[in-house]
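Down below is the structure, laid out as structure tokens.
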Amino acid sequence: MRVSSDFFHQTTIRNIQQSSVRYSDLSVQMATGQRIQRPSDDPLGKVSVMTLDSQLRDLEQYQSNIESVNFSLSQQESQLTAVMDQLFSVQGLVIQAANGASGPSEIQAYAQELTALEDNIVSFLNATDGSGHAYFGGSELDDVTFLLDTVTNTYSYQGDDHERQVAVGNNASVPANVTGESLDSGASFLTAMRQYVAAISDPATTNVDTLSQNMIAVIDDFSARINQGLTQIGSTMSSLETLEMSNSDIREFTQGLRDDINAVDYAEAYLEVNETLASYESTMRVYSSVTELSLFSLI
Amino acid sequence: MSMLLNGISGLNAANAGMITVSNNVANASVDGYSRQGIELSTAPTGVKLVDIDRIVNTFLNQDIWRTQSDLSAFLSMETHVGMMEQVIGSDSLNLETAINNIEDAFNAAMSSPADDAFRQQIVSASEGLVTQVSQLNDALEDLQDRMSNELSFAAREANSFLQRIGELNEQVTRSEALGQPTATLRDQRETLINELSAYIAVDTYEHADGSVSLSATNGAPLVTGSDIGTIEVTGTSVSVDLLGRSFAVSTNIGGSIGGVLDAFYQVLEPQLSSLNTMVADMADQVSLALSEGFDLNDDIGVPLFDYDPVNPLATLSLGPNITPDKLALGGRVSDGLGGWIPAGGTGNNENIANITQVLSNATADYSSVIGELAIFSQQITNSRETAQDLSDNAVAARDAVSGVNLDEEAANLVQYQRLYEANARVITVAEETFRALLNAF
């Protein structure tokens, strides 16, 4: 085949251009550390990277959910532990009242102390967070959780049994609150306590010991429920710890996968840069030596 | 005497040869130049110059035009689709991240659904998406404008080529009729057709009178004899007007005009429609999920997003009535009468899971839009590389026949120079012989 002089120049120039495009691609890859500069470099890889990125962001969100659930649960735990402390005092006083050895003035003193303890327990159960939202009211955040009706002298539960499920992992969610419904269904303990205190405050009451015996059973039942609440919080928090660890494992794995797809293999890229440079250089050498040859310079 | 005449005809032939060589050498780097050679034959006295030939193969030229059209079609497609890819796939305009942010904001509100800060975060993240969608829309509209501008520019260029080809047709026809040489005119016309085919692919037909008719590959006539068509562009629709009639030109017509049309109708429009569907679906699904819940005021949820169905991408906005307290995060239960009532108080978060599910589906949809575009773009790049190879091959095949090789020209020059010297010698010998004869008396 004849080779025309013009064609030889054009081909050489195109070869040089191709080498320099490849070289510039590689140097951008090495500078950014990213193998996929635009989606078409690796369509499937790009889609995978996008999916993995979205998973990584989900994991971050789960982590911050875990932190906020942990915080809220530990607040609730302190309230319930405080209730428990008060309940021990209540228990002690009621047991003393039950043994029948106390005189009327002592019973009055117990009644006064019990009134104060009742107020404390109610205030712990009605506790709210920084935004004024009740901890134990289920989904009824703005109502007073346990409301006293001074006419009938009874408490009523204003909340519901809604446990907020919060997503803390792929397909994993945990309850973020303990409801008043599970702690004191129908406010039966608070009402019983209120009426017990009212009864023993009345000097006309003669069966203080019997009433106190009955009250001890009610207190036992309530403390068992508070304990259940504390156990629920404890087990949720410990499962959060496990989830946190598995989430961080998944994150590490996902990040690794993402890097496998998208990160530049520097050793390979470096070798390729050298190859490209070598072919670039040799193309130019061939060009310069061939162009020196011309029959015109010999005749 | 015949020796003198023989010598002179030889001198003339050698002269013509050297002029041809010098012409070839001068035009060695002109794209599309076909080398010339002299055709000699014997005459009653010496040698006769029959013709100065263009050394061409018409089929090879047509190959070049066709591959050139393909190449520039793919090149311009590659450019536009590449820009589209940069716009849609860029990290800063990535809708996936924006939708993810909304999903995260909803997720974060799970632990404190009544908290105004979390609700405000959802509204802000949604505003973020609205801004991104509008930026994306602007960028895509810019792209559309750019395509339309490029079409107008290409049409203007192509029209000037059509004009000049029509003029050359007339000149060739006239010269043919007068028996004058047409090599240079034909060369010019071929070069023009070659350059025209970078804008639009053409089918050619050469008439007996030497004129060439051109038509687009879909049959729309561009030049018939001395009648010249005009390529008209309105927005992104293209037509050819010839003799008062208008012929539509659509996709797959090659050249950069065809490339832009293909990029627009085969990539940008489908992508726009996918994005529109995706945005509209996402907005609808989120609204539906919200309407299945109750807000802080125990009212049924209002839409988070609003859009005009004619063009969702351009019109996506926040719902007209949406405020943080109107986000329906609370679940619902049947009221036993066929209606719904809130499942609980303001702390109920049961509806959030439904909404995040919808949003996570939307991000998957967006990834598949990007995936499709990326695969398309990759295919175009591959096709462009193939077209480049084919075009190179076609040029190589043509140049193997018609291109100038300087070494060959140097050898020819030496040959004609020697021919000239030899004939000059013949003339001197004839003159010496004649003089010797004269001196004998």
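By order in the structure tokens, chains are A, B, ...; within a chain, residues start at 1; ligands start at 1, following the order shown.
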Practice prompt. Report as number ranges by chain the set of chain B residues whose atoms approach chain A to within 7 Å, with distances computed over only C-alpha atoms.
Written response: B: 28-29, 85-86, 89, 100, 104, 107-108, 110-111, 344-349, 367, 371, 374-375, 377-378, 396, 399-400, 403-407, 410
Quick one: DSSP strand (DSSP E) residues in range 39-216 of chain A, as number ranges by chain?
A: 146-149, 154-157, 165-169, 172-175
Residue selection dump (N, CA and C atoms) as a PDB file, in the first residue's frame:
ATOM      1  N   PHE A 146     -50.222  11.467  84.548  1.00  0.00           N
ATOM      2  CA  PHE A 146     -51.150  10.957  85.574  1.00  0.00           C
ATOM      3  C   PHE A 146     -51.816  12.166  86.231  1.00  0.00           C
ATOM      4  N   LEU A 147     -53.131  12.350  85.972  1.00  0.00           N
ATOM      5  CA  LEU A 147     -53.829  13.564  86.388  1.00  0.00           C
ATOM      6  C   LEU A 147     -54.698  13.259  87.613  1.00  0.00           C
ATOM      7  N   LEU A 148     -54.567  14.134  88.616  1.00  0.00           N
ATOM      8  CA  LEU A 148     -55.349  13.941  89.846  1.00  0.00           C
ATOM      9  C   LEU A 148     -56.690  14.666  89.713  1.00  0.00           C
ATOM     10  N   ASP A 149     -57.745  13.920  90.001  1.00  0.00           N
ATOM     11  CA  ASP A 149     -59.070  14.552  90.062  1.00  0.00           C
ATOM     12  C   ASP A 149     -59.358  14.787  91.536  1.00  0.00           C
ATOM     13  N   THR A 154     -59.124  10.660  92.757  1.00  0.00           N
ATOM     14  CA  THR A 154     -58.529   9.544  92.010  1.00  0.00           C
ATOM     15  C   THR A 154     -57.584  10.100  90.947  1.00  0.00           C
ATOM     16  N   TYR A 155     -56.623   9.251  90.535  1.00  0.00           N
ATOM     17  CA  TYR A 155     -55.753   9.600  89.405  1.00  0.00           C
ATOM     18  C   TYR A 155     -56.289   8.938  88.160  1.00  0.00           C
ATOM     19  N   SER A 156     -56.031   9.576  87.007  1.00  0.00           N
ATOM     20  CA  SER A 156     -56.345   8.853  85.764  1.00  0.00           C
ATOM     21  C   SER A 156     -55.139   8.957  84.824  1.00  0.00           C
ATOM     22  N   TYR A 157     -54.953   7.931  84.001  1.00  0.00           N
ATOM     23  CA  TYR A 157     -53.835   7.913  83.040  1.00  0.00           C
ATOM     24  C   TYR A 157     -54.298   8.592  81.755  1.00  0.00           C
ATOM     25  N   GLN A 165     -41.427   3.135  67.885  1.00  0.00           N
ATOM     26  CA  GLN A 165     -40.378   2.288  67.320  1.00  0.00           C
ATOM     27  C   GLN A 165     -39.427   3.185  66.534  1.00  0.00           C
ATOM     28  N   VAL A 166     -38.142   3.094  66.819  1.00  0.00           N
ATOM     29  CA  VAL A 166     -37.161   3.916  66.110  1.00  0.00           C
ATOM     30  C   VAL A 166     -36.209   2.987  65.360  1.00  0.00           C
ATOM     31  N   ALA A 167     -36.005   3.312  64.062  1.00  0.00           N
ATOM     32  CA  ALA A 167     -35.127   2.470  63.241  1.00  0.00           C
ATOM     33  C   ALA A 167     -33.676   2.660  63.673  1.00  0.00           C
ATOM     34  N   VAL A 168     -33.005   1.563  64.003  1.00  0.00           N
ATOM     35  CA  VAL A 168     -31.619   1.672  64.471  1.00  0.00           C
ATOM     36  C   VAL A 168     -30.698   0.741  63.688  1.00  0.00           C
ATOM     37  N   GLY A 169     -31.227   0.097  62.666  1.00  0.00           N
ATOM     38  CA  GLY A 169     -30.404  -0.786  61.847  1.00  0.00           C
ATOM     39  C   GLY A 169     -31.270  -1.241  60.698  1.00  0.00           C
ATOM     40  N   ALA A 172     -34.135  -3.209  61.751  1.00  0.00           N
ATOM     41  CA  ALA A 172     -34.143  -3.334  63.205  1.00  0.00           C
ATOM     42  C   ALA A 172     -34.677  -2.052  63.802  1.00  0.00           C
ATOM     43  N   SER A 173     -35.668  -2.169  64.695  1.00  0.00           N
ATOM     44  CA  SER A 173     -36.111  -0.981  65.395  1.00  0.00           C
ATOM     45  C   SER A 173     -36.342  -1.347  66.854  1.00  0.00           C
ATOM     46  N   VAL A 174     -36.215  -0.344  67.723  1.00  0.00           N
ATOM     47  CA  VAL A 174     -36.389  -0.595  69.152  1.00  0.00           C
ATOM     48  C   VAL A 174     -37.394   0.417  69.705  1.00  0.00           C
ATOM     49  N   PRO A 175     -38.096   0.041  70.794  1.00  0.00           N
ATOM     50  CA  PRO A 175     -38.992   1.002  71.421  1.00  0.00           C
ATOM     51  C   PRO A 175     -38.175   2.067  72.132  1.00  0.00           C
TER      52      PRO A 175
END
Set the distance at 8 Å and use only C-alpha atoms: which residues neighbour Leu329 in chain B once local chain neighbours fewer than 6 positions away are removed? I'd like the list as a JSON list (two decimals) with N, CA, C and O atoms, in the first residue's frame.
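File produced: around33.json:
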[["chain", "number", "residue", "atom", "x", "y", "z"],
["B", 113, "PRO", "N", -41.08, 12.60, 67.53],
["B", 113, "PRO", "CA", -41.90, 13.05, 66.39],
["B", 113, "PRO", "C", -42.59, 14.39, 66.62],
["B", 113, "PRO", "O", -43.01, 15.03, 65.66],
["B", 290, "LEU", "N", -48.32, 10.58, 53.38],
["B", 290, "LEU", "CA", -48.67, 11.59, 54.37],
["B", 290, "LEU", "C", -50.19, 11.65, 54.59],
["B", 290, "LEU", "O", -50.66, 11.87, 55.70],
["B", 293, "GLY", "N", -51.71, 9.58, 57.28],
["B", 293, "GLY", "CA", -51.32, 9.82, 58.66],
["B", 293, "GLY", "C", -51.99, 11.09, 59.17],
["B", 293, "GLY", "O", -52.75, 11.75, 58.45],
["B", 294, "PHE", "N", -51.66, 11.42, 60.41],
["B", 294, "PHE", "CA", -52.25, 12.61, 61.02],
["B", 294, "PHE", "C", -51.16, 13.51, 61.56],
["B", 294, "PHE", "O", -50.11, 13.03, 62.01],
["B", 295, "ASP", "N", -51.41, 14.83, 61.49],
["B", 295, "ASP", "CA", -50.38, 15.77, 61.92],
["B", 295, "ASP", "C", -50.54, 16.14, 63.39],
["B", 295, "ASP", "O", -51.36, 15.55, 64.11],
["B", 348, "ASN", "N", -47.05, 9.86, 68.50],
["B", 348, "ASN", "CA", -47.16, 8.68, 67.64],
["B", 348, "ASN", "C", -46.31, 8.90, 66.38],
["B", 348, "ASN", "O", -46.40, 9.93, 65.73],
["B", 349, "ASN", "N", -45.47, 7.90, 66.05],
["B", 349, "ASN", "CA", -44.57, 8.06, 64.89],
["B", 349, "ASN", "C", -44.81, 6.99, 63.84],
["B", 349, "ASN", "O", -43.96, 6.73, 63.00],
["B", 350, "GLU", "N", -45.98, 6.34, 63.90],
["B", 350, "GLU", "CA", -46.16, 5.13, 63.08],
["B", 350, "GLU", "C", -46.15, 5.40, 61.59],
["B", 350, "GLU", "O", -45.93, 4.49, 60.80],
["B", 351, "ASN", "N", -46.40, 6.64, 61.17],
["B", 351, "ASN", "CA", -46.47, 6.89, 59.73],
["B", 351, "ASN", "C", -45.08, 7.10, 59.11],
["B", 351, "ASN", "O", -44.93, 7.04, 57.90],
["B", 352, "ILE", "N", -44.06, 7.36, 59.96],
["B", 352, "ILE", "CA", -42.74, 7.70, 59.42],
["B", 352, "ILE", "C", -42.17, 6.56, 58.58],
["B", 352, "ILE", "O", -41.63, 6.77, 57.49]]
Tell me, as a PDB file with C-alpha atoms, in the first residue's frame, which residues lie within 12 Å of range 96-111 of chain A, counting only C-alpha atoms; anything in the same chain fewer than 3 positions away does not count.
ATOM      1  CA  SER A  89     -39.530   4.487 101.587  1.00  0.00           C
ATOM      2  CA  VAL A  90     -43.260   4.073 100.988  1.00  0.00           C
ATOM      3  CA  GLN A  91     -42.900   0.358 101.546  1.00  0.00           C
ATOM      4  CA  GLY A  92     -41.051   0.894 104.865  1.00  0.00           C
ATOM      5  CA  LEU A  93     -43.688   3.281 106.179  1.00  0.00           C
ATOM      6  CA  LEU A 114     -46.494   9.336 102.518  1.00  0.00           C
ATOM      7  CA  THR A 115     -48.234  12.358 100.986  1.00  0.00           C
ATOM      8  CA  ALA A 116     -44.868  13.886 100.213  1.00  0.00           C
ATOM      9  CA  LEU A 117     -43.611  10.573  98.739  1.00  0.00           C
ATOM     10  CA  GLU A 118     -46.772  10.232  96.626  1.00  0.00           C
ATOM     11  CA  MET A 193     -52.113   5.031  97.345  1.00  0.00           C
ATOM     12  CA  ARG A 194     -54.010   8.321  97.356  1.00  0.00           C
ATOM     13  CA  GLN A 195     -57.027   6.729  98.943  1.00  0.00           C
ATOM     14  CA  TYR A 196     -54.910   4.756 101.398  1.00  0.00           C
ATOM     15  CA  VAL A 197     -53.205   7.935 102.594  1.00  0.00           C
ATOM     16  CA  ALA A 198     -56.577   9.704 102.842  1.00  0.00           C
ATOM     17  CA  ALA A 199     -57.965   6.801 104.851  1.00  0.00           C
ATOM     18  CA  ILE A 200     -55.145   6.596 107.375  1.00  0.00           C
ATOM     19  CA  SER A 201     -55.069  10.399 107.726  1.00  0.00           C
ATOM     20  CA  ASP A 202     -58.612  10.187 108.999  1.00  0.00           C
ATOM     21  CA  PRO A 203     -58.459   9.689 112.806  1.00  0.00           C
ATOM     22  CA  ALA A 204     -61.809   7.880 112.567  1.00  0.00           C
ATOM     23  CA  THR A 205     -60.246   5.069 110.583  1.00  0.00           C
ATOM     24  CA  THR A 206     -59.858   2.011 112.803  1.00  0.00           C
ATOM     25  CA  ASN A 207     -58.568  -0.675 110.427  1.00  0.00           C
ATOM     26  CA  VAL A 208     -55.251   0.953 109.552  1.00  0.00           C
ATOM     27  CA  ASP A 209     -53.383  -2.346 109.898  1.00  0.00           C
ATOM     28  CA  THR A 210     -55.719  -4.205 107.498  1.00  0.00           C
ATOM     29  CA  LEU A 211     -55.623  -1.357 104.999  1.00  0.00           C
ATOM     30  CA  SER A 212     -51.821  -1.341 105.218  1.00  0.00           C
ATOM     31  CA  GLN A 213     -51.628  -5.115 104.717  1.00  0.00           C
ATOM     32  CA  ASN A 214     -53.637  -4.689 101.520  1.00  0.00           C
ATOM     33  CA  MET A 215     -51.515  -1.727 100.493  1.00  0.00           C
ATOM     34  CA  ILE A 216     -48.311  -3.797 100.785  1.00  0.00           C
ATOM     35  CA  ALA A 217     -49.609  -6.163  98.100  1.00  0.00           C
TER      36      ALA A 217
END
message = So that I can see what lies close to Val302 in chain B, please list as a VMD selection string the residues with an atom at most 8 Å from it, counting only C-alpha atoms and leaving out residues fewer than 4 positions away in the same chain.
response = chain B and resid 287 290 to 291 319 321 to 322 326 to 328
Print the selection's residues with all heavy atoms to a file, as a compact mmCIF listing (two decimals), in the first residue's frame.
# COMPACT_ATOMS: atom_id res chain seq x y z
N SER B 287 -46.91 12.19 49.18
CA SER B 287 -48.20 12.79 49.53
C SER B 287 -49.18 11.73 49.97
O SER B 287 -49.92 11.91 50.94
CB SER B 287 -48.79 13.54 48.33
OG SER B 287 -47.93 14.56 47.95
N LEU B 290 -48.32 10.58 53.38
CA LEU B 290 -48.67 11.59 54.37
C LEU B 290 -50.19 11.65 54.59
O LEU B 290 -50.66 11.87 55.70
CB LEU B 290 -48.16 12.97 53.95
CG LEU B 290 -46.66 13.19 54.13
CD1 LEU B 290 -46.23 14.48 53.46
CD2 LEU B 290 -46.29 13.23 55.60
N SER B 291 -50.94 11.42 53.50
CA SER B 291 -52.40 11.51 53.63
C SER B 291 -52.94 10.32 54.43
O SER B 291 -54.10 10.31 54.82
CB SER B 291 -53.06 11.56 52.25
OG SER B 291 -52.99 10.28 51.66
N GLY B 319 -45.33 21.78 49.23
CA GLY B 319 -46.78 21.91 49.25
C GLY B 319 -47.16 23.28 49.79
O GLY B 319 -46.47 23.82 50.65
N ASN B 321 -49.41 24.28 51.74
CA ASN B 321 -49.87 24.41 53.13
C ASN B 321 -48.92 23.77 54.12
O ASN B 321 -49.25 23.64 55.29
CB ASN B 321 -51.24 23.75 53.27
CG ASN B 321 -52.24 24.39 52.34
OD1 ASN B 321 -52.28 25.61 52.24
ND2 ASN B 321 -53.01 23.58 51.65
N ILE B 322 -47.74 23.34 53.62
CA ILE B 322 -46.92 22.54 54.52
C ILE B 322 -46.18 23.43 55.52
O ILE B 322 -45.60 24.45 55.16
CB ILE B 322 -45.95 21.63 53.73
CG1 ILE B 322 -45.49 20.47 54.58
CG2 ILE B 322 -44.76 22.41 53.20
CD1 ILE B 322 -46.51 19.40 54.72
N LYS B 326 -47.60 20.46 60.32
CA LYS B 326 -48.56 19.76 59.46
C LYS B 326 -48.00 18.50 58.82
O LYS B 326 -48.64 17.89 57.98
CB LYS B 326 -49.08 20.71 58.38
CG LYS B 326 -49.97 21.78 58.99
CD LYS B 326 -50.84 22.43 57.98
CE LYS B 326 -51.84 23.33 58.69
NZ LYS B 326 -52.31 24.39 57.81
N LEU B 327 -46.77 18.14 59.20
CA LEU B 327 -46.22 16.88 58.70
C LEU B 327 -46.93 15.74 59.42
O LEU B 327 -46.90 15.66 60.65
CB LEU B 327 -44.72 16.81 59.00
CG LEU B 327 -43.84 17.69 58.12
CD1 LEU B 327 -42.46 17.83 58.73
CD2 LEU B 327 -43.76 17.11 56.72
N ALA B 328 -47.57 14.87 58.64
CA ALA B 328 -48.37 13.81 59.25
C ALA B 328 -47.49 12.63 59.61
O ALA B 328 -47.37 11.68 58.85
CB ALA B 328 -49.49 13.41 58.30
Practice item. Can you pull out every residue within 12 Å of range 6-21 of chain B, counting only C-alpha atoms, but drop anything in the same chain fewer than 4 positions away, and send it as a count of residues only? Key: 55
| query | When DSSP works through the backbone of this structure, what residues of range 214-367 of chain B end up as helix (DSSP H, G or I), shown as a ChimeraX atom specification? | reply | /B:255-291,312-315,324-326,352-367
*What's the 8 Å shell around Thr254 in chain A, counting only C-alpha atoms, without same-chain residues fewer than 4 positions away, as a list in words?*
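Everything that qualifies: Leu52, Gln55, Leu56, Ile250 and Arg258 of chain A.
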Expressed in Å, the length from CA of Gln63 in chain A to CA of Ser90 in chain B is 27.2 Å
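Candidate residues A:Ile13, A:Met245, A:Ala82, A:Val264 were compared for distance to Thr32 in chain A, and the nearest is A:Val264, using only C-alpha atoms.
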**Prompt:** Which distance in Å separates CA of Thr145 in chain A and CA of Arg332 in chain B, to one decimal?
**Reply:**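 The value is 21.5 Å.
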